[in-house]
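Shown below: my_file.txt, with compact mmCIF, C-alpha atoms and all ligand atoms.
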```
# COMPACT_ATOMS: atom_id res chain seq x y z
CA MET K 1 229.65 -68.05 -47.01
CA SER K 2 230.00 -65.68 -44.06
CA SER K 3 232.01 -66.10 -40.90
CA THR K 4 229.92 -66.93 -37.83
CA ILE K 5 232.74 -67.25 -35.32
CA VAL K 6 235.93 -65.20 -35.60
CA VAL K 7 238.68 -65.50 -33.01
CA ASN K 8 241.45 -62.91 -33.41
CA ALA K 9 244.86 -63.34 -31.80
CA VAL K 10 243.45 -64.64 -28.53
CA TYR K 11 245.83 -65.06 -25.67
CA LYS K 12 244.81 -66.33 -22.24
CA ASP K 13 246.80 -66.81 -19.11
CA PHE K 14 245.89 -67.88 -15.61
CA GLY K 15 248.61 -66.19 -13.60
CA LYS K 16 251.90 -67.54 -14.90
CA LYS K 17 250.27 -70.29 -16.93
CA VAL K 18 249.69 -69.46 -20.60
CA VAL K 19 246.72 -71.53 -21.74
CA LEU K 20 245.99 -69.97 -25.14
CA ASN K 21 248.79 -68.46 -27.17
CA ASN K 22 247.80 -66.31 -30.15
CA VAL K 23 244.83 -68.34 -31.37
CA ASP K 24 243.11 -67.37 -34.64
CA LEU K 25 240.07 -69.32 -35.73
CA THR K 26 237.30 -68.72 -38.23
CA VAL K 27 234.19 -70.84 -38.43
CA GLU K 28 232.04 -70.21 -41.49
CA SER K 29 228.29 -70.28 -41.22
CA GLY K 30 226.77 -73.70 -41.79
CA GLN K 31 229.97 -75.51 -40.88
CA ILE K 32 230.56 -78.26 -38.36
CA TYR K 33 233.96 -77.37 -36.96
CA GLY K 34 235.83 -79.75 -34.68
CA LEU K 35 238.50 -78.90 -32.11
CA ILE K 36 240.71 -81.86 -31.35
CA GLY K 37 243.77 -82.11 -29.16
CA PRO K 38 245.17 -83.69 -26.05
CA SER K 39 243.70 -83.21 -22.63
CA GLY K 40 244.71 -79.85 -21.15
CA SER K 41 245.61 -78.33 -24.53
CA GLY K 42 243.16 -75.44 -24.10
CA LYS K 43 240.02 -76.50 -26.01
CA THR K 44 237.56 -75.85 -23.19
CA THR K 45 239.17 -72.52 -22.36
CA LEU K 46 238.85 -71.47 -26.02
CA VAL K 47 235.23 -72.58 -26.17
CA LYS K 48 234.37 -70.69 -22.95
CA ILE K 49 235.92 -67.53 -24.39
CA ILE K 50 233.89 -67.93 -27.60
CA VAL K 51 230.68 -68.36 -25.58
CA GLY K 52 231.57 -65.29 -23.50
CA MET K 53 231.85 -67.14 -20.18
CA ASP K 54 235.48 -66.26 -19.86
CA LEU K 55 237.43 -63.26 -21.15
CA PRO K 56 240.64 -63.42 -23.18
CA SER K 57 243.70 -61.74 -21.67
CA GLU K 58 244.35 -60.32 -25.14
CA GLY K 59 242.63 -60.53 -28.52
CA SER K 60 238.98 -60.49 -29.49
CA VAL K 61 236.08 -62.76 -30.44
CA HIS K 62 233.10 -62.02 -32.68
CA VAL K 63 230.07 -64.23 -33.10
CA LEU K 64 227.43 -63.45 -35.72
CA GLY K 65 229.13 -60.11 -36.25
CA MET K 66 228.85 -59.08 -32.58
CA ASP K 67 231.65 -58.56 -30.07
CA VAL K 68 231.72 -61.24 -27.36
CA PRO K 69 230.50 -61.02 -24.63
CA ASN K 70 227.14 -59.63 -25.71
CA ILE K 71 223.76 -60.14 -24.09
CA HIS K 72 222.10 -60.34 -27.51
CA LEU K 73 224.10 -63.46 -28.26
CA LEU K 74 222.62 -65.50 -25.39
CA GLN K 75 219.60 -66.47 -27.44
CA GLN K 76 221.75 -67.23 -30.48
CA ILE K 77 224.27 -69.57 -28.86
CA GLY K 78 223.41 -72.99 -27.47
CA TYR K 79 226.23 -74.10 -25.20
CA MET K 80 226.80 -77.52 -23.75
CA ALA K 81 229.56 -77.50 -21.15
CA GLN K 82 231.68 -80.48 -20.16
CA ALA K 83 230.18 -80.52 -16.68
CA ASP K 84 226.40 -80.85 -16.62
CA ALA K 85 224.65 -77.75 -15.26
CA LEU K 86 221.25 -79.17 -14.39
CA TYR K 87 218.81 -78.93 -11.49
CA SER K 88 218.97 -82.39 -9.96
CA ASP K 89 215.86 -81.99 -7.79
CA LEU K 90 213.76 -81.22 -10.84
CA THR K 91 212.59 -83.68 -13.47
CA GLY K 92 214.06 -83.72 -16.95
CA GLU K 93 210.95 -82.01 -18.27
CA GLU K 94 211.07 -79.31 -15.57
CA ASN K 95 214.70 -78.63 -16.45
CA LEU K 96 213.83 -78.20 -20.12
CA ALA K 97 210.82 -76.01 -19.25
CA PHE K 98 212.98 -73.87 -16.99
CA PHE K 99 215.66 -73.26 -19.62
CA ALA K 100 213.00 -72.68 -22.28
CA SER K 101 211.37 -70.07 -20.04
CA LEU K 102 214.63 -68.08 -19.98
CA PHE K 103 214.18 -67.49 -23.68
CA LYS K 104 210.59 -66.27 -23.46
CA LEU K 105 209.35 -68.74 -26.05
CA LYS K 106 205.60 -68.73 -26.67
CA LYS K 107 203.78 -71.54 -24.89
CA ASP K 108 203.03 -73.64 -28.00
CA ILE K 109 206.57 -73.18 -29.35
CA ARG K 110 208.00 -74.03 -25.96
CA LYS K 111 206.04 -77.28 -25.86
CA LYS K 112 207.22 -78.21 -29.36
CA ARG K 113 210.84 -77.42 -28.57
CA ILE K 114 210.74 -79.52 -25.40
CA GLU K 115 209.26 -82.45 -27.34
CA TYR K 116 211.80 -82.07 -30.13
CA ALA K 117 214.83 -81.78 -27.84
CA ALA K 118 213.77 -84.66 -25.58
CA ASN K 119 213.07 -86.88 -28.57
CA LEU K 120 216.41 -86.03 -30.20
CA VAL K 121 218.32 -87.32 -27.19
CA ASN K 122 215.95 -90.22 -26.60
CA LEU K 123 214.73 -89.04 -23.19
CA THR K 124 211.01 -88.74 -23.89
CA SER K 125 210.08 -91.69 -21.73
CA ASN K 126 212.25 -90.46 -18.84
CA LEU K 127 211.11 -86.86 -18.71
CA LYS K 128 209.06 -87.29 -15.53
CA LYS K 129 212.02 -88.69 -13.59
CA LYS K 130 214.12 -86.48 -11.35
CA VAL K 131 217.57 -85.75 -12.74
CA ASN K 132 218.96 -87.16 -9.48
CA ASP K 133 217.86 -90.56 -10.74
CA TYR K 134 219.42 -90.15 -14.18
CA SER K 135 222.58 -92.00 -15.20
CA GLY K 136 225.66 -90.00 -16.28
CA GLY K 137 224.83 -90.59 -19.95
CA MET K 138 221.24 -89.44 -19.44
CA LYS K 139 222.47 -86.23 -17.84
CA ARG K 140 224.74 -85.61 -20.85
CA ARG K 141 221.78 -86.18 -23.14
CA LEU K 142 219.63 -83.77 -21.15
CA SER K 143 222.42 -81.17 -21.26
CA LEU K 144 222.47 -81.48 -25.04
CA ALA K 145 218.69 -81.04 -25.14
CA VAL K 146 219.06 -77.88 -23.00
CA ALA K 147 221.66 -76.49 -25.43
CA LEU K 148 219.18 -76.91 -28.28
CA ILE K 149 216.07 -75.69 -26.51
CA GLN K 150 215.85 -72.15 -27.92
CA ASP K 151 216.69 -73.26 -31.47
CA PRO K 152 219.96 -71.29 -31.47
CA GLN K 153 221.78 -70.28 -34.63
CA VAL K 154 225.13 -71.40 -33.21
CA LEU K 155 225.79 -74.56 -31.23
CA ILE K 156 228.92 -74.91 -29.12
CA LEU K 157 229.29 -78.39 -27.72
CA ASP K 158 232.14 -79.41 -25.41
CA GLU K 159 232.53 -83.19 -25.74
CA PRO K 160 228.80 -83.74 -26.20
CA THR K 161 228.81 -87.49 -26.72
CA VAL K 162 230.94 -88.63 -23.79
CA GLY K 163 229.06 -91.42 -22.00
CA ILE K 164 226.52 -91.80 -24.80
CA ASP K 165 226.16 -95.21 -26.43
CA PRO K 166 227.17 -95.67 -30.09
CA GLU K 167 223.64 -95.99 -31.46
CA LEU K 168 222.40 -92.76 -29.92
CA ARG K 169 225.70 -91.09 -30.82
CA GLN K 170 224.98 -91.89 -34.46
CA SER K 171 221.50 -90.46 -34.30
CA ILE K 172 222.79 -87.31 -32.58
CA TRP K 173 225.34 -86.88 -35.37
CA ALA K 174 222.64 -87.37 -37.98
CA GLU K 175 220.69 -84.57 -36.30
CA LEU K 176 223.76 -82.32 -36.12
CA HIS K 177 224.12 -82.77 -39.88
CA SER K 178 220.49 -81.93 -40.43
CA LEU K 179 220.89 -78.79 -38.26
CA LYS K 180 223.87 -77.87 -40.40
CA GLU K 181 221.72 -78.29 -43.53
CA LYS K 182 219.33 -75.78 -41.95
CA GLY K 183 222.19 -73.31 -41.75
CA LYS K 184 223.22 -73.73 -38.13
CA THR K 185 226.89 -73.41 -37.26
CA ILE K 186 228.33 -76.00 -34.91
CA LEU K 187 231.62 -75.95 -32.99
CA ILE K 188 232.43 -79.16 -31.19
CA THR K 189 235.31 -80.49 -29.14
CA THR K 190 235.96 -84.19 -29.26
CA HIS K 191 238.43 -86.91 -28.40
CA VAL K 192 236.66 -89.39 -30.66
CA MET K 193 238.34 -89.65 -34.03
CA ASP K 194 235.39 -91.03 -35.96
CA GLU K 195 233.47 -87.96 -34.78
CA ALA K 196 236.30 -85.71 -35.91
CA ASP K 197 235.90 -87.32 -39.32
CA LYS K 198 232.28 -86.15 -39.47
CA CYS K 199 233.33 -82.49 -39.17
CA ASP K 200 233.71 -80.22 -42.20
CA ARG K 201 236.85 -78.73 -40.74
CA LEU K 202 239.16 -79.51 -37.88
CA ALA K 203 241.70 -77.61 -35.86
CA MET K 204 244.20 -79.40 -33.72
CA VAL K 205 245.04 -77.59 -30.49
CA ARG K 206 248.23 -78.32 -28.63
CA ASP K 207 249.80 -76.36 -25.78
CA GLY K 208 247.38 -73.50 -26.37
CA LYS K 209 248.12 -73.16 -30.08
CA ILE K 210 246.34 -74.29 -33.21
CA ILE K 211 249.05 -76.33 -34.82
CA THR K 212 247.16 -77.45 -37.89
CA SER K 213 243.72 -77.11 -39.46
CA GLY K 214 241.82 -78.22 -42.54
CA SER K 215 239.16 -80.66 -43.67
CA PRO K 216 239.66 -84.25 -42.50
CA MET K 217 240.63 -85.13 -46.10
CA GLU K 218 243.15 -82.26 -46.33
CA LEU K 219 244.74 -83.28 -43.06
CA ARG K 220 245.05 -86.88 -44.18
CA GLU K 221 246.72 -85.77 -47.41
CA LYS K 222 248.96 -83.24 -45.69
CA TYR K 223 250.30 -85.78 -43.23
CA GLY K 224 250.12 -88.79 -45.55
CA ILE K 225 247.97 -90.74 -43.15
CA THR K 226 244.86 -92.84 -43.44
CA SER K 227 243.41 -92.39 -39.98
CA LEU K 228 242.95 -89.13 -38.11
CA GLU K 229 244.27 -90.77 -34.97
CA GLU K 230 247.72 -90.53 -36.53
CA ILE K 231 247.45 -86.73 -36.64
CA PHE K 232 247.87 -86.77 -32.90
CA LEU K 233 251.16 -88.54 -33.41
CA LYS K 234 252.41 -86.78 -36.55
CA ALA K 235 251.22 -83.22 -35.97
CA GLY K 236 251.32 -83.38 -32.22
CA GLY K 237 255.07 -83.59 -31.85
CA LYS K 238 255.99 -80.25 -33.34
CA SER K 239 254.58 -76.78 -33.94
CA GLU K 240 254.39 -75.57 -37.52
N1 LIG I 1 240.43 -71.32 -14.11
C1 LIG I 1 241.62 -71.86 -14.33
N2 LIG I 1 242.67 -71.55 -13.56
C2 LIG I 1 243.89 -72.07 -13.78
N3 LIG I 1 244.18 -72.94 -14.78
C3 LIG I 1 243.17 -73.28 -15.59
C4 LIG I 1 241.83 -72.77 -15.42
N4 LIG I 1 241.05 -73.30 -16.39
C5 LIG I 1 241.86 -74.10 -17.12
N5 LIG I 1 243.11 -74.09 -16.65
C6 LIG I 1 244.27 -74.84 -17.20
O1 LIG I 1 244.32 -74.57 -18.58
C7 LIG I 1 244.78 -75.70 -19.31
C8 LIG I 1 243.81 -76.01 -20.44
O2 LIG I 1 242.61 -76.50 -19.89
P1 LIG I 1 241.35 -76.82 -20.82
O3 LIG I 1 240.27 -77.30 -19.89
O4 LIG I 1 241.06 -75.65 -21.66
O5 LIG I 1 241.89 -78.03 -21.70
P2 LIG I 1 241.14 -79.03 -22.66
O6 LIG I 1 241.91 -79.09 -23.92
O7 LIG I 1 239.71 -78.65 -22.76
O8 LIG I 1 241.26 -80.42 -21.89
P3 LIG I 1 240.25 -81.69 -21.85
O9 LIG I 1 240.30 -82.29 -23.21
O10 LIG I 1 240.84 -82.55 -20.78
O11 LIG I 1 238.91 -81.15 -21.48
C9 LIG I 1 244.94 -76.83 -18.30
O12 LIG I 1 246.28 -76.93 -17.95
C10 LIG I 1 244.11 -76.35 -17.12
O13 LIG I 1 244.62 -76.85 -15.92
```
The structure in this file should be written as structure tokens.
Amino acid sequence: MSSTIVVNAVYKDFGKKVVLNNVDLTVESGQIYGLIGPSGSGKTTLVKIIVGMDLPSEGSVHVLGMDVPNIHLLQQIGYMAQADALYSDLTGEENLAFFASLFKLKKDIRKKRIEYAANLVNLTSNLKKKVNDYSGGMKRRLSLAVALIQDPQVLILDEPTVGIDPELRQSIWAELHSLKEKGKTILITTHVMDEADKCDRLAMVRDGKIITSGSPMELREKYGITSLEEIFLKAGGKSE
């Protein structure tokens, strides 16, 4: 197994506020890695630094063996942000076609990828509608389809299933597992504990630090708990 994402001693401040404090993280290739932690703990900031959208104040990040930021990584990383970045005057299909065009996919491949991504998030029958007329959940689903459009090697998803109903959530998770089987590496942030349970490995972030990490099973054993929800309570109170 090789390391797809390596975060080395990352520190990030915004003025006087320290948001990430000496974070180390390694995500092996083919893993689904979950970041959990309370609101404001630094998960989104960490994810943005890994994608290359923000720079660390100190420390370094490597993805697929390349220093971040790196233009060659754009094609390799599919990123779904917490806020939807979509063109609301365009239809769902036009949005997907636009993002696909950024990656210079051949016409037949582009068509297949748009069909695949729309189908995965159950938007096929709504593709001709303007995004303005989409519900919040539909916009989230379209954002996930955009993140997948170029068939990236690495997927970084910031709370991807917020506002998505349980049935579709299950089918999205089934697809994430099948992408993992194909060797993709997936980093996800979540507040939903049954989703955390579907990850191969978890790190809990609190006050800008990773306070514990391991497989869901290891964490349950370590803290003597049966539900991951309790990790928030048991691990959350103190740094290790
Ligand atoms: N550009 C910025 N300038 C100043 N402070 C910021 C900036 N971006 C984030 N922060 C602060 O950094 C802290 C961590 O925010 P972040 O969004 O990374 O948390 P999070 O764990 O993703 O939270 P949530 O689960 O609510 O999304 C917060 O206190 C936030 O206010």
Report task. Please identify all polymer residues within 12 Å of K:Glu218, counting only C-alpha atoms, omitting same-chain residues fewer than 2 positions from it, and present them as a PyMOL selection string. Result -> chain K and resi 197+200-203+212-216+220-228+231
Hey, can you spit out that residue selection with C-alpha atoms as a compact mmCIF listing (two decimals), keeping the file's coordinate frame?
```
# COMPACT_ATOMS: atom_id res chain seq x y z
CA ASP K 197 235.90 -87.32 -39.32
CA ASP K 200 233.71 -80.22 -42.20
CA ARG K 201 236.85 -78.73 -40.74
CA LEU K 202 239.16 -79.51 -37.88
CA ALA K 203 241.70 -77.61 -35.86
CA THR K 212 247.16 -77.45 -37.89
CA SER K 213 243.72 -77.11 -39.46
CA GLY K 214 241.82 -78.22 -42.54
CA SER K 215 239.16 -80.66 -43.67
CA PRO K 216 239.66 -84.25 -42.50
CA ARG K 220 245.05 -86.88 -44.18
CA GLU K 221 246.72 -85.77 -47.41
CA LYS K 222 248.96 -83.24 -45.69
CA TYR K 223 250.30 -85.78 -43.23
CA GLY K 224 250.12 -88.79 -45.55
CA ILE K 225 247.97 -90.74 -43.15
CA THR K 226 244.86 -92.84 -43.44
CA SER K 227 243.41 -92.39 -39.98
CA LEU K 228 242.95 -89.13 -38.11
CA ILE K 231 247.45 -86.73 -36.64
```
Requested in this report: Write out as an MDAnalysis selection string each polymer residue whose atoms come within 10 Å of K:Asn132, counting only C-alpha atoms; drop sequence neighbours fewer than 5 positions from it.
Outcome: chainID K and resid 86:92 139
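The shortest atom-to-atom distance to ligand LIG 1 (chain I), with all atoms listed in the file taken into account, belongs to K:Val19 out of K:Val7, K:Val19, K:Ala118, K:Ala85.
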Please enclose the listed atoms of ligand LIG 1 (chain I) in an axis-aligned box, pad each side by 5 Å, and write out the centre and the three edge lengths in Å, rounded to one decimal, as AutoDock Vina command-line options.
```
--center_x 242.6 --center_y -76.9 --center_z -18.7 --size_x 17.4 --size_y 21.2 --size_z 20.4
```
Query raised in the report: Mind listing the residues within 9 Å of ligand LIG 1 (chain I), all atoms listed in the file counted, as number ranges by chain?
Result: K: 13-15, 17-20, 35-48, 82, 158-159, 189-191, 205-208
How about saving the chosen residues, C-alpha atoms kept, as an mmCIF file, keeping the file's coordinate frame?
```
data_model
loop_
_atom_site.group_PDB
_atom_site.id
_atom_site.type_symbol
_atom_site.label_atom_id
_atom_site.label_comp_id
_atom_site.auth_asym_id
_atom_site.auth_seq_id
_atom_site.Cartn_x
_atom_site.Cartn_y
_atom_site.Cartn_z
ATOM 1 C CA ASP K 13 246.800 -66.810 -19.110
ATOM 2 C CA PHE K 14 245.890 -67.880 -15.610
ATOM 3 C CA GLY K 15 248.610 -66.190 -13.600
ATOM 4 C CA LYS K 17 250.270 -70.290 -16.930
ATOM 5 C CA VAL K 18 249.690 -69.460 -20.600
ATOM 6 C CA VAL K 19 246.720 -71.530 -21.740
ATOM 7 C CA LEU K 20 245.990 -69.970 -25.140
ATOM 8 C CA LEU K 35 238.500 -78.900 -32.110
ATOM 9 C CA ILE K 36 240.710 -81.860 -31.350
ATOM 10 C CA GLY K 37 243.770 -82.110 -29.160
ATOM 11 C CA PRO K 38 245.170 -83.690 -26.050
ATOM 12 C CA SER K 39 243.700 -83.210 -22.630
ATOM 13 C CA GLY K 40 244.710 -79.850 -21.150
ATOM 14 C CA SER K 41 245.610 -78.330 -24.530
ATOM 15 C CA GLY K 42 243.160 -75.440 -24.100
ATOM 16 C CA LYS K 43 240.020 -76.500 -26.010
ATOM 17 C CA THR K 44 237.560 -75.850 -23.190
ATOM 18 C CA THR K 45 239.170 -72.520 -22.360
ATOM 19 C CA LEU K 46 238.850 -71.470 -26.020
ATOM 20 C CA VAL K 47 235.230 -72.580 -26.170
ATOM 21 C CA LYS K 48 234.370 -70.690 -22.950
ATOM 22 C CA GLN K 82 231.680 -80.480 -20.160
ATOM 23 C CA ASP K 158 232.140 -79.410 -25.410
ATOM 24 C CA GLU K 159 232.530 -83.190 -25.740
ATOM 25 C CA THR K 189 235.310 -80.490 -29.140
ATOM 26 C CA THR K 190 235.960 -84.190 -29.260
ATOM 27 C CA HIS K 191 238.430 -86.910 -28.400
ATOM 28 C CA VAL K 205 245.040 -77.590 -30.490
ATOM 29 C CA ARG K 206 248.230 -78.320 -28.630
ATOM 30 C CA ASP K 207 249.800 -76.360 -25.780
ATOM 31 C CA GLY K 208 247.380 -73.500 -26.370
#
```
Query - stretch 55-58 of chain K environment, 8 Å, all atoms listed in the file, sequence neighbours closer than 4 positions dropped, as number ranges by chain - result: K: 9-13, 49
